[in-house]
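One file, coords.txt, is given below (compact mmCIF, C-alpha atoms).
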# COMPACT_ATOMS: atom_id res chain seq x y z
CA MET A 1 2.74 14.17 -22.44
CA SER A 2 6.38 15.11 -22.29
CA GLU A 3 9.04 12.56 -23.16
CA ARG A 4 10.73 10.82 -20.27
CA SER A 5 13.19 8.04 -19.70
CA ALA A 6 11.34 4.79 -18.99
CA ALA A 7 14.18 3.72 -16.74
CA GLU A 8 13.97 6.90 -14.68
CA ASN A 9 10.17 7.23 -14.53
CA PRO A 10 8.50 3.98 -15.60
CA LEU A 11 4.76 3.60 -15.91
CA ILE A 12 2.95 2.34 -12.82
CA LYS A 13 1.16 -0.81 -13.95
CA VAL A 14 -2.26 -1.21 -12.35
CA VAL A 15 -4.82 -4.00 -12.27
CA LEU A 16 -8.26 -2.53 -11.56
CA VAL A 17 -10.73 -4.81 -9.75
CA GLU A 18 -14.28 -3.42 -9.70
CA ASP A 19 -17.54 -5.27 -10.41
CA HIS A 20 -19.65 -2.21 -11.28
CA ASP A 21 -19.06 -1.43 -14.95
CA MET A 22 -19.88 2.29 -14.71
CA VAL A 23 -17.53 2.80 -11.77
CA ALA A 24 -14.76 0.77 -13.43
CA GLU A 25 -15.15 2.71 -16.67
CA ALA A 26 -15.02 6.07 -14.87
CA ILE A 27 -11.85 5.07 -13.02
CA ALA A 28 -10.26 3.67 -16.19
CA LEU A 29 -11.04 6.83 -18.18
CA ALA A 30 -9.69 9.07 -15.43
CA LEU A 31 -6.45 7.14 -15.02
CA ALA A 32 -6.00 6.95 -18.80
CA ASP A 33 -5.36 10.70 -18.73
CA VAL A 34 -2.62 10.30 -16.08
CA GLY A 35 0.74 10.10 -17.78
CA ASP A 36 2.51 7.79 -15.34
CA ILE A 37 -0.26 5.24 -14.63
CA GLU A 38 -1.40 2.46 -16.96
CA ILE A 39 -4.26 0.03 -16.34
CA VAL A 40 -2.94 -3.23 -17.73
CA ALA A 41 -5.98 -5.36 -16.86
CA ARG A 42 -9.48 -5.13 -15.40
CA ALA A 43 -11.29 -7.72 -13.32
CA SER A 44 -14.70 -7.96 -11.67
CA SER A 45 -14.16 -10.72 -9.10
CA VAL A 46 -11.53 -12.08 -6.73
CA ALA A 47 -10.95 -15.09 -8.99
CA ASP A 48 -10.45 -12.91 -12.07
CA ALA A 49 -8.20 -10.59 -10.07
CA LEU A 50 -5.92 -13.42 -9.00
CA ASP A 51 -5.64 -14.58 -12.62
CA ALA A 52 -4.94 -11.07 -13.93
CA VAL A 53 -2.39 -10.27 -11.24
CA GLY A 54 -0.58 -13.57 -11.79
CA ARG A 55 -0.37 -12.91 -15.54
CA MET A 56 0.34 -9.18 -15.59
CA ARG A 57 2.52 -8.79 -12.45
CA PRO A 58 1.36 -5.20 -11.83
CA ASP A 59 2.87 -2.72 -9.42
CA VAL A 60 -0.48 -1.90 -7.81
CA VAL A 61 -3.89 -3.54 -7.52
CA VAL A 62 -6.80 -1.12 -7.05
CA LEU A 63 -9.25 -3.47 -5.37
CA ASP A 64 -12.92 -2.99 -4.59
CA ARG A 65 -13.71 -4.34 -1.15
CA ARG A 66 -17.08 -5.93 -1.92
CA LEU A 67 -16.90 -8.34 -4.85
CA PRO A 68 -19.33 -11.05 -6.01
CA ASP A 69 -17.12 -13.90 -4.79
CA GLY A 70 -15.66 -12.44 -1.62
CA ASP A 71 -14.25 -9.60 0.45
CA GLY A 72 -11.33 -7.86 -1.25
CA ILE A 73 -9.50 -7.46 2.07
CA ASP A 74 -9.49 -11.23 2.59
CA ALA A 75 -7.95 -11.62 -0.88
CA ILE A 76 -4.90 -9.45 -0.17
CA PRO A 77 -2.62 -12.34 0.98
CA GLU A 78 -3.60 -14.36 -2.10
CA LEU A 79 -2.77 -11.43 -4.37
CA HIS A 80 0.63 -11.14 -2.71
CA ALA A 81 1.18 -14.85 -3.32
CA ALA A 82 0.16 -14.47 -6.98
CA ALA A 83 2.63 -11.61 -7.54
CA PRO A 84 5.15 -11.07 -4.72
CA GLY A 85 5.84 -7.39 -4.20
CA VAL A 86 2.51 -6.18 -5.57
CA ARG A 87 0.92 -3.36 -3.57
CA VAL A 88 -2.83 -3.40 -2.87
CA LEU A 89 -5.02 -0.31 -2.53
CA ILE A 90 -8.54 -1.01 -1.26
CA LEU A 91 -11.56 0.97 -2.45
CA THR A 92 -14.48 0.98 -0.01
CA GLY A 93 -17.63 2.81 0.92
CA ASP A 94 -17.02 2.38 4.65
CA ALA A 95 -13.54 3.54 5.62
CA THR A 96 -13.88 2.91 9.35
CA PRO A 97 -10.97 2.32 11.77
CA ALA A 98 -11.97 -1.34 11.99
CA VAL A 99 -11.88 -1.77 8.21
CA ALA A 100 -8.61 0.15 7.92
CA THR A 101 -7.06 -2.04 10.62
CA ARG A 102 -8.11 -5.18 8.72
CA VAL A 103 -6.44 -3.80 5.60
CA VAL A 104 -3.19 -3.17 7.49
CA GLU A 105 -3.23 -6.60 9.14
CA ALA A 106 -3.81 -8.29 5.77
CA GLY A 107 -0.81 -6.46 4.28
CA GLY A 108 -2.69 -3.84 2.28
CA ALA A 109 -0.93 -0.61 1.40
CA GLY A 110 -3.84 1.79 1.55
CA LEU A 111 -7.54 2.49 1.82
CA LEU A 112 -9.52 5.03 -0.18
CA MET A 113 -13.19 5.96 -0.07
CA LYS A 114 -15.09 5.36 -3.29
CA ALA A 115 -16.47 8.87 -2.90
CA ALA A 116 -12.95 10.33 -3.12
CA ARG A 117 -11.97 12.42 -6.12
CA LEU A 118 -10.39 10.52 -9.00
CA ALA A 119 -7.38 12.82 -8.63
CA ASP A 120 -6.99 11.49 -5.09
CA LEU A 121 -6.97 7.95 -6.47
CA ALA A 122 -4.06 8.79 -8.76
CA VAL A 123 -2.15 10.26 -5.81
CA ALA A 124 -2.84 7.15 -3.71
CA VAL A 125 -1.69 4.84 -6.52
CA ARG A 126 1.58 6.76 -6.74
CA GLN A 127 2.05 6.63 -2.96
CA VAL A 128 1.63 2.88 -2.65
CA SER A 129 3.69 2.22 -5.78
CA ALA A 130 6.54 4.20 -4.17
CA GLY A 131 6.40 1.94 -1.11
CA ASP A 132 4.41 4.30 1.10
CA MET A 133 1.03 3.88 2.79
CA ALA A 134 -2.13 5.66 1.64
CA PHE A 135 -4.61 6.10 4.48
CA SER A 136 -6.58 9.23 5.29
CA PRO A 137 -4.89 11.15 8.13
CA ASP A 138 -7.91 10.86 10.41
CA LEU A 139 -7.68 7.07 10.29
CA LEU A 140 -3.96 6.74 11.04
CA GLY A 141 -4.08 7.43 14.76
CA GLN A 142 -7.08 5.16 15.28
CA VAL A 143 -5.45 2.31 13.35
CA LEU A 144 -2.25 2.65 15.39
CA SER A 145 -4.27 2.60 18.61
CA ARG A 146 -6.02 -0.60 17.57
CA LEU A 147 -2.74 -2.25 16.59
CA ALA A 148 -0.93 -1.17 19.76
CA GLY A 149 -0.57 -4.00 22.22
CA ARG A 150 -0.46 -6.72 19.57
CA SER A 151 2.86 -8.38 20.14
CA GLY A 152 5.51 -9.10 17.58
CA ALA A 153 9.29 -9.35 17.71
CA VAL A 154 11.01 -7.00 20.14
CA GLY A 155 13.43 -5.70 17.53
CA ALA A 156 16.66 -7.02 19.00
CA GLU A 157 17.88 -7.96 15.51
CA LEU A 158 17.41 -4.49 14.03
CA THR A 159 20.60 -2.86 12.77
CA GLY A 160 21.46 0.76 13.51
CA ARG A 161 20.33 1.87 10.06
CA GLU A 162 17.09 -0.06 10.42
CA ARG A 163 16.43 1.58 13.82
CA GLU A 164 17.05 4.97 12.23
CA THR A 165 14.63 4.07 9.44
CA LEU A 166 12.06 2.92 12.00
CA ARG A 167 12.31 6.23 13.86
CA LEU A 168 11.71 8.09 10.60
CA LEU A 169 8.69 5.91 9.84
CA ALA A 170 7.32 6.70 13.30
CA ASP A 171 7.70 10.40 12.46
CA GLY A 172 5.56 9.90 9.37
CA ALA A 173 8.38 9.88 6.81
CA THR A 174 7.74 8.49 3.34
CA ILE A 175 10.17 6.33 1.38
CA ALA A 176 11.32 9.46 -0.46
CA ASP A 177 11.85 11.27 2.87
CA ILE A 178 13.87 8.36 4.27
CA SER A 179 15.97 8.23 1.10
CA ALA A 180 16.76 11.94 1.32
CA ARG A 181 17.35 12.14 5.07
CA MET A 182 19.54 9.03 5.20
CA THR A 183 21.27 9.88 1.90
CA VAL A 184 20.55 6.50 0.35
CA ALA A 185 18.83 5.36 -2.85
CA ARG A 186 15.08 4.81 -2.69
CA ASN A 187 15.55 1.09 -3.31
CA THR A 188 17.89 0.97 -0.31
CA ALA A 189 15.29 2.78 1.81
CA ARG A 190 12.62 0.31 0.68
CA ASN A 191 14.92 -2.58 1.58
CA HIS A 192 15.47 -1.15 5.06
CA VAL A 193 11.70 -0.90 5.52
CA GLN A 194 11.09 -4.44 4.27
CA ARG A 195 13.70 -5.87 6.65
CA ILE A 196 12.09 -3.97 9.53
CA LEU A 197 8.70 -5.50 8.69
CA THR A 198 10.23 -8.97 8.58
CA LYS A 199 12.11 -8.60 11.86
CA LEU A 200 9.12 -7.12 13.69
CA GLY A 201 6.68 -9.64 12.24
CA ALA A 202 4.62 -6.79 10.78
CA HIS A 203 2.57 -6.77 7.58
CA SER A 204 2.79 -3.04 6.98
CA GLN A 205 4.59 0.13 7.99
CA LEU A 206 1.73 1.15 10.27
CA GLU A 207 1.78 -2.14 12.10
CA ALA A 208 5.57 -1.92 12.43
CA VAL A 209 5.28 1.51 14.04
CA ALA A 210 2.57 0.26 16.41
CA ILE A 211 4.76 -2.68 17.48
CA ALA A 212 7.80 -0.42 17.83
CA ARG A 213 5.91 1.97 20.09
CA ARG A 214 4.60 -0.83 22.24
CA GLU A 215 8.08 -2.34 22.61
CA GLY A 216 9.67 1.02 23.38
CA LEU A 217 11.77 1.00 20.19
CA VAL A 218 10.54 4.51 19.33
CA ASP A 219 8.90 7.27 21.32

Would you kindly transcribe this structure into structure tokens?
Amino acid sequence: MSERSAAENPLIKVVLVEDHDMVAEAIALALADVGDIEIVARASSVADALDAVGRMRPDVVVLDRRLPDGDGIDAIPELHAAAPGVRVLILTGDATPAVATRVVEAGGAGLLMKAARLADLAVAVRQVSAGDMAFSPDLLGQVLSRLAGRSGAVGAELTGRERETLRLLADGATIADISARMTVARNTARNHVQRILTKLGAHSQLEAVAIARREGLVD
């Protein structure tokens, strides 16, 4: 692995939550070969995950949906409470629009099929760590359709820059895209997105776009 500045390109700290040892070991071995991702803890239940996340304060939680003591999706708000700012990527065997919508409503940052390639998992971890969403393209439209019509704030408090950011989100822009197109730092772009979520009463970027479309804030 080539040398790099930790300040410029820090490791993405991950807590892996998977109750099947063989699956967990395969994921851990695959991610161990990825230079910018480090698994800092492993857990096999919701309770263990909450403890590990509270102690380790990771950037991303890779979370199996079906665990011995509960549904991983239901645990997303608790994980956020244990480590504010943590991003949660759900692993599931049934990536349906209904399941994806539940993930978005709970504040999850992405959904990946367990059958996906391990290389795809690394890409998804990077996406959610950067502040973006990681859902398969075929699910996005269906999730937005399900979320449309669910009311939130009308967006009267959005600033001009936040409205511009919202329009870019609606066009499918990532945090990196927003940073480049608005000529601002990535942290500034993330802050714009977070304020949009707060003002629209949304838990995720997808839900914010759905609300914005319903309220006529974007086309």

Would you write out, as CSV, a table of all residues in segment 47-151 of chain A that have an atom no more than 12 Å from an atom of segment 162-172 of chain A, listing for each the closest atom pair and the distance in Å to one decimal, considering all atoms listed in the file and ordering rows by chain and rising residue number?
residue,atom,partner,partner_atom,distance
A:Gly131,CA,A:Leu169,CA,11.9
A:Asp132,CA,A:Leu169,CA,9.9
A:Met133,CA,A:Gly172,CA,10.0
A:Ala134,CA,A:Gly172,CA,11.7
A:Phe135,CA,A:Gly172,CA,11.9
A:Pro137,CA,A:Gly172,CA,10.6
A:Leu140,CA,A:Gly172,CA,10.2
A:Gly141,CA,A:Gly172,CA,11.3
A:Leu144,CA,A:Ala170,CA,10.6

Original post:
Of the residues A:Val193, A:Ile178, A:Ala173, A:Ile90, which is the one nearest to Thr159 of chain A, using all atoms listed in the file?
Top reply: A:Val193

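Among the candidate residues A:Val60, A:Leu118, A:His80, A:Gly107, the one lying nearest to Glu38 of chain A is A:Val60, with distances computed using only C-alpha atoms.
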
For Ala98 of chain A, work out the shell of residues within 10 Å, counting all atoms listed in the file and skipping chain neighbours fewer than 5 positions away, then give it as a PDB file with C-alpha atoms, in the coordinates of the input.
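Generated file (part_23.pdb):
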ATOM      1  CA  VAL A 103      -6.440  -3.800   5.600  1.00  0.00           C
ATOM      2  CA  LEU A 139      -7.680   7.070  10.290  1.00  0.00           C
ATOM      3  CA  GLN A 142      -7.080   5.160  15.280  1.00  0.00           C
ATOM      4  CA  VAL A 143      -5.450   2.310  13.350  1.00  0.00           C
ATOM      5  CA  ARG A 146      -6.020  -0.600  17.570  1.00  0.00           C
TER       6      ARG A 146
END

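In terms of minimum interatomic distance to Ser136 of chain A, A:Ala124 ranks closest within A:Leu31, A:Val53, A:Ala202, A:Ala124, counting only C-alpha atoms.
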
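Considering the residues A:His203, A:Arg57, A:Arg181, A:Arg102 and counting all atoms listed in the file, Gly85 of chain A has its shortest atom-to-atom contact with A:Arg57.
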
**OP:** Kindly give the distance, in Å, that separates atom CA of Val14 of chain A and atom CA of Ala115 of chain A, rounded to a single decimal.
**Re:** 19.8 Å

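Closest approach to Leu89 of chain A from the set A:Asp64, A:Glu18, A:Asp120, A:Asp74 is made by A:Asp64, with distances taken over only C-alpha atoms.
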
Original post:
At a cut-off of 12 Å from (2.4, 4.5, -3.9) in the coordinates of the file, what residues are picked up using all atoms listed in the file, written as a PyMOL selection string?
Top reply: chain A and resi 12-14+36-37+59-62+86-89+108-111+120-135+174-176+190

Subject >> Non-local contacts of Arg65 of chain A (6 Å; all atoms listed in the file; under 4 positions in same chain excluded) as a PyMOL selection string >> reply: chain A and resi 71-72+91-92

Subject >> Atom pair atom CA of Leu29 of chain A / atom CA of Ala116 of chain A: separation (Å) >> reply: 15.6 Å

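Restricting the calculation to all atoms listed in the file, the smallest distance between Asp51 of chain A and any of A:Val17, A:Gly70, A:Glu25, A:Ala32 is found for A:Val17.
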
Subject >> Straight-line distance linking atom CA of Pro97 of chain A with atom CA of Leu112 of chain A, stated in Å to one decimal >> reply: 12.3 Å
